[in-house]
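**Q** Sharing coords_7.txt (compact mmCIF, C-alpha atoms) below.
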```txt
# COMPACT_ATOMS: atom_id res chain seq x y z
CA MET A 1175 119.27 89.35 74.86
CA ARG A 1176 116.82 92.23 74.53
CA GLU A 1177 113.67 91.49 72.54
CA THR A 1178 112.08 93.77 69.97
CA ARG A 1179 108.68 93.21 71.53
CA HIS A 1180 106.98 90.70 73.81
CA ALA A 1181 105.02 88.30 71.63
CA GLN A 1182 102.60 87.31 74.39
CA ALA A 1183 100.20 90.00 75.58
CA SER A 1184 99.53 90.14 79.31
CA ILE A 1185 96.08 89.17 80.60
CA PHE A 1186 96.38 92.04 83.09
CA GLU A 1187 96.48 94.79 80.44
CA HIS A 1188 93.79 97.34 81.12
CA TYR A 1189 93.23 100.99 80.21
CA SER A 1190 91.30 103.24 82.56
CA ASN A 1191 87.95 104.58 81.36
CA HIS A 1192 89.23 108.04 82.25
CA GLU A 1193 89.70 110.45 79.35
CA TYR A 1194 93.49 110.20 79.62
CA GLY A 1195 93.36 106.40 79.60
CA ILE A 1196 91.32 106.46 76.40
CA LYS A 1197 93.87 108.83 74.81
CA LEU A 1198 96.73 106.49 75.72
CA GLN A 1199 94.84 103.55 74.22
CA LYS A 1200 94.45 105.45 70.94
CA LEU A 1201 98.14 106.40 71.05
CA SER A 1202 99.02 102.74 71.57
CA GLU A 1203 97.05 101.83 68.45
CA VAL A 1204 98.89 104.55 66.50
CA LEU A 1205 102.26 103.12 67.57
CA ASP A 1206 101.15 99.64 66.52
CA ARG A 1207 100.49 101.02 63.03
CA GLN A 1208 104.04 102.43 62.79
CA PRO A 1209 106.31 99.32 62.87
CA GLU A 1210 109.10 101.20 61.06
CA ILE A 1211 109.66 103.36 64.15
CA LEU A 1212 110.04 100.28 66.36
CA ASN A 1213 112.49 98.69 63.91
CA LEU A 1214 114.67 101.81 63.91
CA VAL A 1215 114.71 101.99 67.72
CA ALA A 1216 115.39 98.26 68.05
CA ALA A 1217 118.52 98.63 65.89
CA ASP A 1218 119.96 100.99 68.54
CA LEU A 1219 118.97 98.88 71.52
CA ILE A 1220 119.56 95.29 70.43
CA ASP A 1221 123.14 94.03 70.13
CA ALA A 1222 123.18 90.96 67.89
CA SER A 1223 126.49 89.84 69.41
CA VAL A 1224 124.88 89.35 72.84
CA SER A 1225 123.90 85.79 73.69
CA ALA A 1226 120.21 85.03 73.26
CA VAL A 1227 120.01 83.44 76.72
CA GLY A 1228 119.65 85.02 80.14
CA ARG A 1229 117.75 88.07 81.27
CA THR A 1230 115.95 90.01 78.53
CA GLY A 1231 115.16 93.27 80.35
CA LEU A 1232 112.98 95.92 78.74
CA SER A 1233 111.91 95.19 75.18
CA ALA A 1234 112.67 97.77 72.49
CA GLU A 1235 108.94 98.42 72.22
CA SER A 1236 108.68 99.16 75.95
CA VAL A 1237 111.65 101.55 75.77
CA LEU A 1238 110.08 103.45 72.86
CA ARG A 1239 106.75 103.72 74.65
CA CYS A 1240 108.46 104.83 77.87
CA LEU A 1241 110.18 107.58 75.87
CA VAL A 1242 106.90 108.80 74.35
CA LEU A 1243 105.19 108.66 77.75
CA ARG A 1244 107.99 110.60 79.44
CA GLN A 1245 107.87 113.38 76.84
CA GLN A 1246 104.13 113.75 77.47
CA LEU A 1247 104.37 113.73 81.24
CA GLY A 1248 107.44 115.98 81.38
CA CYS A 1249 108.58 114.11 84.46
CA SER A 1250 111.95 112.93 85.77
CA TYR A 1251 113.13 109.34 85.40
CA GLU A 1252 112.49 108.85 89.13
CA GLN A 1253 108.89 110.00 88.73
CA LEU A 1254 108.46 107.88 85.60
CA ALA A 1255 109.69 104.81 87.48
CA PHE A 1256 107.08 105.50 90.18
CA HIS A 1257 104.24 105.96 87.68
CA LEU A 1258 105.16 102.71 85.91
CA SER A 1259 105.15 100.80 89.19
CA ASP A 1260 101.91 102.41 90.39
CA SER A 1261 99.62 102.81 87.36
CA VAL A 1262 98.02 99.89 85.51
CA THR A 1263 97.21 102.18 82.58
CA TYR A 1264 100.81 103.32 82.20
CA ARG A 1265 102.07 99.73 82.48
CA THR A 1266 99.56 98.64 79.85
CA PHE A 1267 100.59 101.43 77.49
CA THR A 1268 104.32 100.66 77.86
CA ARG A 1269 103.63 96.89 77.69
CA LEU A 1270 105.71 95.99 80.70
CA PRO A 1271 105.69 92.35 81.83
CA ALA A 1272 103.90 91.79 85.13
CA GLN A 1273 107.11 91.01 87.02
CA LEU A 1274 109.12 93.96 85.70
CA SER A 1275 109.24 97.44 87.27
CA PRO A 1276 112.17 99.36 85.74
CA SER A 1277 114.23 101.59 88.01
CA ARG A 1278 115.24 105.18 87.36
CA SER A 1279 118.73 104.15 86.22
CA CYS A 1280 117.35 101.42 83.94
CA LEU A 1281 114.99 103.86 82.23
CA GLN A 1282 117.68 106.52 81.85
CA SER A 1283 120.32 104.18 80.43
CA THR A 1284 118.00 102.51 77.91
CA ILE A 1285 116.12 105.59 76.68
CA ARG A 1286 119.36 107.54 76.23
CA ARG A 1287 120.79 104.77 74.04
CA ILE A 1288 118.43 105.85 71.26
CA THR A 1289 120.53 108.13 69.06
CA PRO A 1290 119.36 111.49 67.69
CA GLU A 1291 119.89 110.16 64.15
CA THR A 1292 117.46 107.32 64.85
CA LEU A 1293 114.83 109.67 66.27
CA GLU A 1294 115.25 112.00 63.29
CA GLN A 1295 114.73 109.10 60.89
CA ALA A 1296 111.75 107.90 62.91
CA HIS A 1297 110.17 111.35 62.78
CA GLN A 1298 110.61 112.35 59.18
CA ASP A 1299 113.22 110.67 56.98
CA GLN A 1300 112.13 107.03 56.97
CA ALA A 1301 109.02 106.51 59.08
CA LEU A 1302 106.25 108.67 60.52
CA THR A 1303 106.08 111.73 58.24
CA ARG A 1304 106.59 109.70 55.06
CA ASN A 1305 103.90 107.24 56.19
CA LEU A 1306 101.47 110.07 56.88
CA MET A 1307 102.21 111.53 53.46
CA ARG A 1308 101.70 108.17 51.75
CA GLU A 1309 98.43 107.55 53.61
CA GLY A 1310 97.08 110.98 52.68
CA VAL A 1311 96.90 112.20 56.28
CA LEU A 1312 99.10 115.21 55.55
CA SER A 1313 97.65 117.99 53.43
CA MET A 1314 100.04 119.79 51.11
CA ASP A 1315 97.56 122.48 50.08
CA LYS A 1316 99.18 124.98 52.45
CA LEU A 1317 102.37 124.98 54.49
CA ARG A 1318 103.55 127.40 57.17
CA ILE A 1319 107.16 127.90 58.23
CA ASP A 1320 108.62 129.44 61.37
CA SER A 1321 111.64 129.19 63.63
CA THR A 1322 112.07 129.19 67.40
CA VAL A 1323 114.75 128.55 70.00
CA VAL A 1324 115.06 125.50 72.23
CA ALA A 1325 117.05 126.46 75.33
CA SER A 1326 119.98 124.48 76.68
CA HIS A 1327 119.81 123.29 80.28
CA ILE A 1328 122.25 125.89 81.65
CA ALA A 1329 122.27 128.81 84.07
CA PRO A 1330 122.40 132.34 82.61
CA PRO A 1331 126.11 132.76 81.79
CA SER A 1332 128.59 135.29 83.15
CA ASP A 1333 132.37 135.43 82.79
CA SER A 1334 132.91 135.27 86.55
CA GLN A 1335 130.72 132.19 86.93
CA LEU A 1336 132.39 130.45 83.98
CA LEU A 1337 135.82 131.09 85.50
CA ASN A 1338 134.63 129.77 88.85
CA ASP A 1339 133.14 126.68 87.17
CA GLY A 1340 136.47 125.98 85.50
CA VAL A 1341 138.39 126.36 88.76
CA ARG A 1342 135.90 124.15 90.57
CA VAL A 1343 135.81 121.32 88.01
CA ILE A 1344 139.57 121.16 87.36
CA SER A 1345 140.37 121.35 91.08
CA ARG A 1346 137.91 118.55 91.74
CA LEU A 1347 139.63 116.37 89.13
CA LEU A 1348 143.01 117.05 90.75
CA ALA A 1349 141.60 116.30 94.21
CA LYS A 1350 140.21 112.97 93.01
CA SER A 1351 143.36 112.00 91.10
CA ASN A 1352 144.46 109.44 93.68
CA ALA A 1353 141.14 107.60 93.54
CA ASP A 1354 140.82 107.86 89.75
CA THR A 1355 144.41 107.26 88.64
CA GLY A 1356 146.26 105.85 91.66
CA LEU A 1357 148.60 108.88 91.67
CA LYS A 1358 148.25 111.66 94.22
CA ILE A 1359 148.75 115.12 92.73
CA ARG A 1360 149.74 117.93 95.07
CA PHE A 1361 148.05 121.24 94.27
CA THR A 1362 146.83 124.42 95.93
CA ASP A 1363 143.06 124.30 96.28
CA LYS A 1364 141.66 127.67 95.17
CA ARG A 1365 138.00 126.71 95.03
CA LYS A 1366 136.95 128.68 98.10
CA ALA A 1367 138.76 131.86 97.01
CA SER A 1368 137.39 131.53 93.47
CA LYS A 1369 133.81 131.09 94.69
CA SER A 1370 134.11 134.14 96.95
CA LEU A 1371 135.49 136.33 94.15
CA ALA A 1372 132.85 135.18 91.67
CA PHE A 1373 130.10 136.00 94.17
CA ARG A 1374 131.54 139.45 94.85
CA ILE A 1375 131.88 140.18 91.12
CA PHE A 1376 128.30 139.08 90.47
CA ASN A 1377 126.96 141.53 93.07
CA ALA A 1378 129.42 144.39 92.47
CA LYS A 1379 129.03 147.55 90.43
CA LYS A 1380 131.00 148.13 87.25
CA ALA A 1381 134.00 149.87 88.85
CA ALA A 1382 134.37 147.22 91.55
CA LYS A 1383 134.08 144.42 88.99
CA ASP A 1384 136.99 145.83 87.00
CA GLU A 1385 139.14 145.67 90.13
CA LEU A 1386 138.13 142.11 91.09
CA TYR A 1387 138.37 140.38 87.69
CA PRO A 1388 142.23 140.41 87.55
CA ASP A 1389 142.34 138.50 90.86
CA LEU A 1390 139.93 135.86 89.56
CA LEU A 1391 141.88 135.56 86.30
CA LYS A 1392 145.08 135.09 88.31
CA ILE A 1393 143.50 132.16 90.17
CA ALA A 1394 142.24 130.67 86.89
CA ARG A 1395 145.71 130.80 85.32
CA LEU A 1396 147.22 129.19 88.43
CA VAL A 1397 144.72 126.33 88.19
CA LEU A 1398 145.64 125.82 84.52
CA LYS A 1399 149.32 125.53 85.46
CA GLN A 1400 148.42 123.01 88.16
CA ALA A 1401 146.38 121.05 85.62
CA ASP A 1402 149.34 120.94 83.23
CA ARG A 1403 151.61 119.74 86.01
CA GLY A 1404 149.12 117.05 87.02
CA GLN A 1405 148.74 115.94 83.42
CA ARG A 1406 152.51 115.50 83.04
CA GLN A 1407 152.69 113.59 86.33
CA VAL A 1408 150.06 111.07 85.23
CA LEU A 1409 151.54 110.70 81.75
CA GLU A 1410 155.04 110.09 83.11
CA GLY A 1411 154.17 107.98 86.16
CA GLY A 1412 151.03 106.21 85.04
CA ASP A 1413 150.55 102.78 83.53
CA GLY A 1414 148.21 103.86 80.70
CA SER A 1415 145.14 102.18 82.19
CA ALA A 1416 141.62 102.95 80.98
CA ALA A 1417 140.84 104.78 84.24
CA GLN A 1418 143.88 107.02 83.85
CA GLN A 1419 143.05 107.76 80.21
CA LYS A 1420 139.48 108.68 81.17
CA TRP A 1421 140.83 111.10 83.80
CA LEU A 1422 143.30 112.60 81.33
CA ASP A 1423 140.58 113.06 78.70
CA ALA A 1424 138.33 114.84 81.20
CA LEU A 1425 141.18 117.09 82.35
CA ALA A 1426 142.15 117.97 78.76
CA HIS A 1427 138.51 118.70 77.88
CA TYR A 1428 137.94 121.14 80.74
CA ARG A 1429 141.41 122.64 80.40
CA GLU A 1430 140.72 123.61 76.78
CA LEU A 1431 137.35 125.13 77.72
CA MET A 1432 138.91 126.99 80.65
CA SER A 1433 141.53 128.48 78.32
CA ARG A 1434 138.76 129.78 76.06
CA VAL A 1435 136.95 131.34 79.02
CA ILE A 1436 140.13 133.09 80.20
CA GLU A 1437 140.76 134.42 76.68
CA GLN A 1438 137.22 135.75 76.19
CA THR A 1439 137.21 137.33 79.67
CA GLU A 1440 140.46 139.14 78.95
CA ARG A 1441 139.11 140.36 75.61
CA ARG A 1442 135.72 141.46 76.96
CA VAL A 1443 136.51 142.72 80.47
CA ILE A 1444 140.16 143.74 80.47
CA GLN A 1445 140.54 144.99 76.88
CA GLY A 1446 136.94 146.15 76.41
CA GLU A 1447 136.63 144.32 73.08
CA ARG A 1448 133.29 143.31 71.56
CA VAL A 1449 133.62 139.54 71.15
CA PRO A 1450 131.47 138.01 68.37
CA SER A 1451 128.78 135.63 69.57
CA SER A 1452 130.30 132.82 67.52
CA ASP A 1453 133.53 133.12 69.55
CA LYS A 1454 131.86 133.10 72.96
CA LEU A 1455 131.58 130.12 75.28
CA VAL A 1456 128.52 130.27 77.54
CA SER A 1457 128.78 126.96 79.42
CA LEU A 1458 131.52 124.51 80.39
CA PHE A 1459 128.98 121.72 80.65
CA GLU A 1460 127.02 122.40 77.44
CA PRO A 1461 129.74 123.98 75.24
CA HIS A 1462 127.70 123.41 72.07
CA THR A 1463 125.20 126.10 73.16
CA ASP A 1464 124.67 128.99 70.73
CA ILE A 1465 123.77 132.58 71.55
CA ILE A 1466 120.52 133.42 69.76
CA VAL A 1467 119.04 136.89 69.41
CA LYS A 1468 115.74 137.08 67.52
CA GLY A 1469 114.78 140.65 66.69
CA PHE A 1470 114.68 142.91 69.74
CA ARG A 1471 113.85 140.11 72.17
CA ASP A 1472 115.97 138.82 75.02
CA VAL A 1473 119.13 136.85 74.35
CA GLN A 1474 118.50 133.10 74.39
CA TYR A 1475 120.98 130.27 74.90
CA GLY A 1476 120.39 127.05 73.01
CA HIS A 1477 119.84 126.21 69.35
CA LYS A 1478 117.51 127.60 66.72
CA ILE A 1479 115.09 125.10 65.19
CA ASN A 1480 113.35 125.65 61.87
CA LEU A 1481 110.08 123.83 61.24
CA SER A 1482 107.00 123.65 59.08
CA SER A 1483 103.45 122.48 59.77
CA GLU A 1484 100.43 121.80 57.59
CA VAL A 1485 96.70 122.40 57.95
CA SER A 1486 96.12 119.79 60.68
CA GLY A 1487 99.13 120.97 62.68
CA PHE A 1488 101.47 118.05 61.95
CA ILE A 1489 105.15 119.01 61.90
CA THR A 1490 106.23 118.00 58.40
CA ALA A 1491 109.89 119.05 58.61
CA LEU A 1492 112.27 120.16 61.33
CA THR A 1493 115.94 121.09 61.40
CA ILE A 1494 118.25 121.93 64.31
CA GLU A 1495 120.56 124.73 63.22
CA GLU A 1496 124.12 125.55 64.23
CA GLY A 1497 124.92 129.15 65.11
CA ASN A 1498 122.37 131.89 64.48
CA PRO A 1499 121.63 131.81 60.74
CA GLY A 1500 119.22 134.37 59.34
CA ASP A 1501 115.71 133.13 58.64
CA LYS A 1502 116.07 134.08 54.97
CA THR A 1503 118.60 131.26 54.53
CA LEU A 1504 116.28 128.70 56.17
CA PHE A 1505 113.35 129.06 53.77
CA LEU A 1506 114.50 127.00 50.80
CA PRO A 1507 115.92 124.01 52.78
CA ILE A 1508 112.40 123.28 54.09
CA LEU A 1509 111.01 123.25 50.55
CA ASP A 1510 113.93 121.14 49.31
CA PHE A 1511 113.17 118.57 52.03
CA HIS A 1512 109.53 118.31 50.98
CA ARG A 1513 110.51 117.87 47.35
CA SER A 1514 113.43 115.43 47.78
CA VAL A 1515 112.35 113.36 50.81
CA LEU A 1516 108.56 113.59 51.00
CA GLY A 1517 108.19 113.77 47.24
CA LYS A 1518 105.61 116.56 47.19
CA LEU A 1519 105.64 120.34 47.42
CA PRO A 1520 102.79 122.42 48.87
CA CYS A 1521 100.58 124.53 46.65
CA ALA A 1522 101.09 127.58 48.86
CA VAL A 1523 103.61 128.42 51.55
CA VAL A 1524 103.55 131.23 54.10
CA ALA A 1525 106.34 132.23 56.45
CA ASP A 1526 107.24 134.86 59.01
CA GLY A 1527 108.49 138.25 57.83
CA GLY A 1528 112.05 137.29 58.72
CA TYR A 1529 112.08 134.88 55.77
CA ALA A 1530 111.00 137.57 53.31
CA SER A 1531 113.17 138.18 50.27
CA GLN A 1532 112.55 138.54 46.57
CA ALA A 1533 115.02 135.71 45.95
CA ASN A 1534 112.94 133.33 48.09
CA VAL A 1535 109.78 134.33 46.23
CA ALA A 1536 111.46 133.67 42.89
CA ALA A 1537 112.94 130.35 44.03
CA GLY A 1538 109.59 129.16 45.40
CA ARG A 1539 107.84 130.07 42.17
CA ALA A 1540 110.54 128.31 40.16
CA MET A 1541 109.86 125.13 42.15
CA GLY A 1542 106.21 125.28 41.08
CA LEU A 1543 104.53 126.81 44.15
CA LYS A 1544 101.37 128.74 43.37
CA HIS A 1545 101.72 131.22 46.24
CA VAL A 1546 104.77 132.29 48.26
CA VAL A 1547 103.72 134.71 51.01
CA PHE A 1548 105.43 136.35 53.98
CA HIS A 1549 103.06 137.53 56.68
CA LYS A 1550 104.94 140.83 57.06
CA PRO A 1551 105.87 142.06 53.59
CA VAL A 1552 109.28 143.36 54.70
CA GLY A 1553 110.94 144.60 51.53
CA VAL A 1554 108.62 142.45 49.39
CA SER A 1555 105.34 144.00 48.27
CA LEU A 1556 102.13 142.11 47.52
CA THR A 1557 102.77 142.81 43.86
CA ALA A 1558 106.22 141.24 44.11
CA MET A 1559 104.66 138.21 45.84
CA GLY A 1560 102.11 138.02 43.06
CA VAL A 1561 99.07 137.65 45.35
CA LYS A 1562 95.90 139.62 45.93
CA SER A 1563 95.14 141.10 49.33
CA LYS A 1564 92.39 138.51 49.96
CA THR A 1565 94.81 135.62 49.38
CA PHE A 1566 97.49 137.35 51.41
CA ASN A 1567 95.18 137.83 54.40
CA ALA A 1568 93.92 134.23 54.25
CA LEU A 1569 97.46 132.84 54.24
CA ARG A 1570 98.58 135.29 56.91
CA HIS A 1571 95.79 134.10 59.20
CA PHE A 1572 96.71 130.49 58.43
CA ARG A 1573 100.34 131.20 59.38
CA ALA A 1574 99.30 132.17 62.91
CA GLY A 1575 98.54 128.51 63.58
CA VAL A 1576 102.23 127.59 63.58
CA GLU A 1577 102.66 129.71 66.70
CA GLY A 1578 100.18 127.43 68.44
CA ASN A 1579 102.01 124.35 67.15
CA ILE A 1580 105.29 125.65 68.55
CA SER A 1581 103.61 126.55 71.83
CA GLU A 1582 102.21 123.02 72.20
CA LEU A 1583 105.55 121.46 71.26
CA LYS A 1584 107.24 123.46 74.02
CA ARG A 1585 104.52 123.40 76.66
CA ALA A 1586 103.16 119.86 76.32
CA PHE A 1587 106.26 118.00 75.13
CA GLY A 1588 109.10 119.75 76.94
CA ALA A 1589 110.77 121.37 73.92
CA ALA A 1590 111.13 124.73 75.69
CA LYS A 1591 114.35 123.43 77.23
CA ALA A 1592 116.33 120.33 76.21
CA LYS A 1593 117.34 118.64 79.46
CA TRP A 1594 119.55 115.82 78.18
CA LYS A 1595 123.29 116.30 78.48
CA GLY A 1596 125.62 117.02 75.56
CA HIS A 1597 125.02 118.04 71.96
CA ASP A 1598 123.71 114.61 70.98
CA GLY A 1599 121.49 114.66 74.05
CA PHE A 1600 120.12 118.06 73.03
CA LYS A 1601 119.28 116.85 69.52
CA ALA A 1602 117.79 113.58 70.78
CA PHE A 1603 115.54 115.48 73.19
CA VAL A 1604 114.24 117.79 70.44
CA TRP A 1605 113.58 114.91 68.06
CA ALA A 1606 111.87 112.92 70.82
CA SER A 1607 109.60 115.89 71.51
CA ALA A 1608 108.73 116.33 67.83
CA LEU A 1609 108.09 112.60 67.34
CA SER A 1610 105.85 112.44 70.42
CA TYR A 1611 104.01 115.58 69.27
CA ASN A 1612 103.12 114.08 65.89
CA LEU A 1613 102.16 110.70 67.36
CA VAL A 1614 99.84 112.29 69.92
CA ARG A 1615 98.31 114.57 67.29
CA LEU A 1616 97.69 111.57 65.03
CA ALA A 1617 95.96 109.76 67.91
CA ARG A 1618 93.92 112.87 68.71
CA LEU A 1619 92.74 113.47 65.13
CA GLY A 1620 92.19 109.81 64.29
CA PRO A 1621 88.79 108.11 64.18
CA ASP A 1622 87.00 107.59 67.50
```
Mind turning this structure into structure tokens?

**A**
Amino acid sequence: MRETRHAQASIFEHYSNHEYGIKLQKLSEVLDRQPEILNLVAADLIDASVSAVGRTGLSAESVLRCLVLRQQLGCSYEQLAFHLSDSVTYRTFTRLPAQLSPSRSCLQSTIRRITPETLEQAHQDQALTRNLMREGVLSMDKLRIDSTVVASHIAPPSDSQLLNDGVRVISRLLAKSNADTGLKIRFTDKRKASKSLAFRIFNAKKAAKDELYPDLLKIARLVLKQADRGQRQVLEGGDGSAAQQKWLDALAHYRELMSRVIEQTERRVIQGERVPSSDKLVSLFEPHTDIIVKGFRDVQYGHKINLSSEVSGFITALTIEEGNPGDKTLFLPILDFHRSVLGKLPCAVVADGGYASQANVAAGRAMGLKHVVFHKPVGVSLTAMGVKSKTFNALRHFRAGVEGNISELKRAFGAAKAKWKGHDGFKAFVWASALSYNLVRLARLGPD
């Protein structure tokens, strides 16, 4: 049975005198002062129904510390496994027993068992942020709000590549049907032809693309028919085993996505229709991905996150949004979170110009905020905000700091692109980055 933590400290624990070793030692002390985080993580990792005898494996504490270390290093699980086997400082920080060197697969399977809901609670709802508020570490004199986009781990999408992906994945499932279900499904393999057409479309000019797309769509529809035939064959001739059901679920999943890709390609390419972003599918492997356009900047593929930070740079609130909501609608939820969960509102709040509206100013004032400022007074004058130019400039300069907070979150903790698979994986990665960011900042700003 997995333990929450190893009660006996190792006599071989040692932190390097290097600057980075000293930082990890301070971070370790910070984690020791946050037992609520460990309790939340342990609830995900420890199964009470498992017998208390036999191999214990990684403790919940070691898994949590491996997660925080990985977010800082920005490395793969293979590289993390090497560092843990090679570095005494890293082993000391993660509190690994002397005889244990976790493999890549062990690290991946245990870290990914921590749910996004648990990491969210650990970051703000039940643990770290509330503790910092209670201890007086967080300052609520001023608060700054901004939004950014965390990218999904996908290639830049195109209709031709999506069609080819669908042909490739469904054909592969049909080709492996005998091994996966025990039933051999006869089908015409169109993967080579599909790949060739997709490549030609990608490199062709507009007129040539219009001529090639119908051929690729024809192949895609043929593959769908073959998938339907294979599905019926397994349903009628199978024994209903778990392996067959898993294969059927995968086939149904990709068939539905392939149908959506065919429909949007016909609407966009054949009929020349402007398809709304909310109706578009940009990846078969990360179908949750949203299309985000902020201002006149490039199109981004991922999810918008809305966050706030205080004077010391701690992230006090963070939300992962669905779709591409306007920033104006994301202003009040941040304030509501501070009032209802953290129990305290800031004296002054400043946000990007995209949040600016007279309704938000009025709502903030009604909550009891002294100043509500938008750094670009778009449609809201200084008079309407009720602030003098000196106060406006001071808060505008303070707001610039949130750009640095976002930059550090992305650059130093990997939040530029969420690399874990699936929607839950995306959310867990973002929350892990935010949690690690606040823990490291607390260690950095703490007493020497």

**Q** Find the residues near Thr1439 (chain A): any atom within 10 Å, counting all atoms listed in the file, skip ones fewer than 5 places away on the same chain, and give them as an MDAnalysis selection string.

**A** chainID A and resid 1332:1334 1336:1337 1387:1388 1391 1433:1434 1444:1447 1449 1454

**Q** Is it possible to get the residues within 7 Å of (103.1, 125.9, 45.6) (coordinates as in the file, counting all atoms listed in the file) written as a ChimeraX atom specification?

**A** /A:1519-1523,1542-1545

**Q** With a distance cut-off of 8 Å and only C-alpha atoms, select the neighbouring residues of Ser1457 (chain A), excluding the residue or stretch itself and same-chain residues fewer than 3 positions from it, and output the selection as a list in words.

**A**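 Contacts, with the query itself left out: Ile1328, Pro1331, Leu1336, Glu1460, Pro1461 and Thr1463 of chain A.
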
**Q** Work out how far CA of Met1559 (chain A) is from CA of Val1535 (chain A), in Å to one decimal.

**A** 6.4 Å

**Q** What's the 9 Å shell around Leu1390 (chain A), counting only C-alpha atoms, without same-chain residues fewer than 6 positions away, as a PyMOL selection string?

**A** chain A and resi 1334+1337-1338+1367-1368+1371-1372

**Q** Take the residues that were just selected and, keeping C-alpha atoms, output them as an mmCIF file, in the frame of the given file.

**A**
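What landed in selection_17.cif:
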```cif
data_model
loop_
_atom_site.group_PDB
_atom_site.id
_atom_site.type_symbol
_atom_site.label_atom_id
_atom_site.label_comp_id
_atom_site.auth_asym_id
_atom_site.auth_seq_id
_atom_site.Cartn_x
_atom_site.Cartn_y
_atom_site.Cartn_z
ATOM 1 C CA SER A 1334 132.910 135.270 86.550
ATOM 2 C CA LEU A 1337 135.820 131.090 85.500
ATOM 3 C CA ASN A 1338 134.630 129.770 88.850
ATOM 4 C CA ALA A 1367 138.760 131.860 97.010
ATOM 5 C CA SER A 1368 137.390 131.530 93.470
ATOM 6 C CA LEU A 1371 135.490 136.330 94.150
ATOM 7 C CA ALA A 1372 132.850 135.180 91.670
#
```

**Q** Could you list, as an mmCIF file with C-alpha atoms, keeping the file's coordinate frame, every residue within 10 Å of Gly1500 (chain A), counting only C-alpha atoms and ignoring same-chain residues fewer than 6 positions away?

**A**
```cif
data_model
loop_
_atom_site.group_PDB
_atom_site.id
_atom_site.type_symbol
_atom_site.label_atom_id
_atom_site.label_comp_id
_atom_site.auth_asym_id
_atom_site.auth_seq_id
_atom_site.Cartn_x
_atom_site.Cartn_y
_atom_site.Cartn_z
ATOM 1 C CA LYS A 1468 115.740 137.080 67.520
ATOM 2 C CA GLY A 1528 112.050 137.290 58.720
ATOM 3 C CA TYR A 1529 112.080 134.880 55.770
#
```

**Q** So, counting only C-alpha atoms, which residue among A:Val1467, A:Ala1296, A:Val1324, A:Val1515 is closest to Asp1501 (chain A)?

**A**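 Closest to Asp1501 (chain A) of all the choices is A:Val1467.
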
**Q** Please supply region 1201-1212 of chain A, rebuilt with N, CA and C atoms, as a JSON list (two decimals), in the coordinates of the input.

**A**
```json
[["chain", "number", "residue", "atom", "x", "y", "z"],
["A", 1201, "LEU", "N", 96.73, 106.22, 71.38],
["A", 1201, "LEU", "CA", 98.14, 106.40, 71.05],
["A", 1201, "LEU", "C", 98.83, 105.06, 70.88],
["A", 1202, "SER", "N", 98.46, 104.08, 71.69],
["A", 1202, "SER", "CA", 99.02, 102.74, 71.57],
["A", 1202, "SER", "C", 98.69, 102.14, 70.21],
["A", 1203, "GLU", "N", 97.46, 102.35, 69.76],
["A", 1203, "GLU", "CA", 97.05, 101.83, 68.45],
["A", 1203, "GLU", "C", 97.82, 102.53, 67.33],
["A", 1204, "VAL", "N", 98.09, 103.82, 67.49],
["A", 1204, "VAL", "CA", 98.89, 104.55, 66.50],
["A", 1204, "VAL", "C", 100.30, 103.97, 66.42],
["A", 1205, "LEU", "N", 100.92, 103.70, 67.56],
["A", 1205, "LEU", "CA", 102.26, 103.12, 67.57],
["A", 1205, "LEU", "C", 102.28, 101.74, 66.93],
["A", 1206, "ASP", "N", 101.22, 100.97, 67.13],
["A", 1206, "ASP", "CA", 101.15, 99.64, 66.52],
["A", 1206, "ASP", "C", 101.10, 99.73, 65.00],
["A", 1207, "ARG", "N", 100.58, 100.85, 64.48],
["A", 1207, "ARG", "CA", 100.49, 101.02, 63.03],
["A", 1207, "ARG", "C", 101.76, 101.62, 62.43],
["A", 1208, "GLN", "N", 102.78, 101.85, 63.26],
["A", 1208, "GLN", "CA", 104.04, 102.43, 62.79],
["A", 1208, "GLN", "C", 105.21, 101.48, 63.12],
["A", 1209, "PRO", "N", 105.24, 100.28, 62.54],
["A", 1209, "PRO", "CA", 106.31, 99.32, 62.87],
["A", 1209, "PRO", "C", 107.70, 99.80, 62.47],
["A", 1210, "GLU", "N", 107.78, 100.71, 61.49],
["A", 1210, "GLU", "CA", 109.10, 101.20, 61.06],
["A", 1210, "GLU", "C", 109.81, 101.93, 62.20],
["A", 1211, "ILE", "N", 109.05, 102.65, 63.02],
["A", 1211, "ILE", "CA", 109.66, 103.36, 64.15],
["A", 1211, "ILE", "C", 110.27, 102.36, 65.12],
["A", 1212, "LEU", "N", 109.54, 101.30, 65.43],
["A", 1212, "LEU", "CA", 110.04, 100.28, 66.36],
["A", 1212, "LEU", "C", 111.29, 99.61, 65.80]]
```
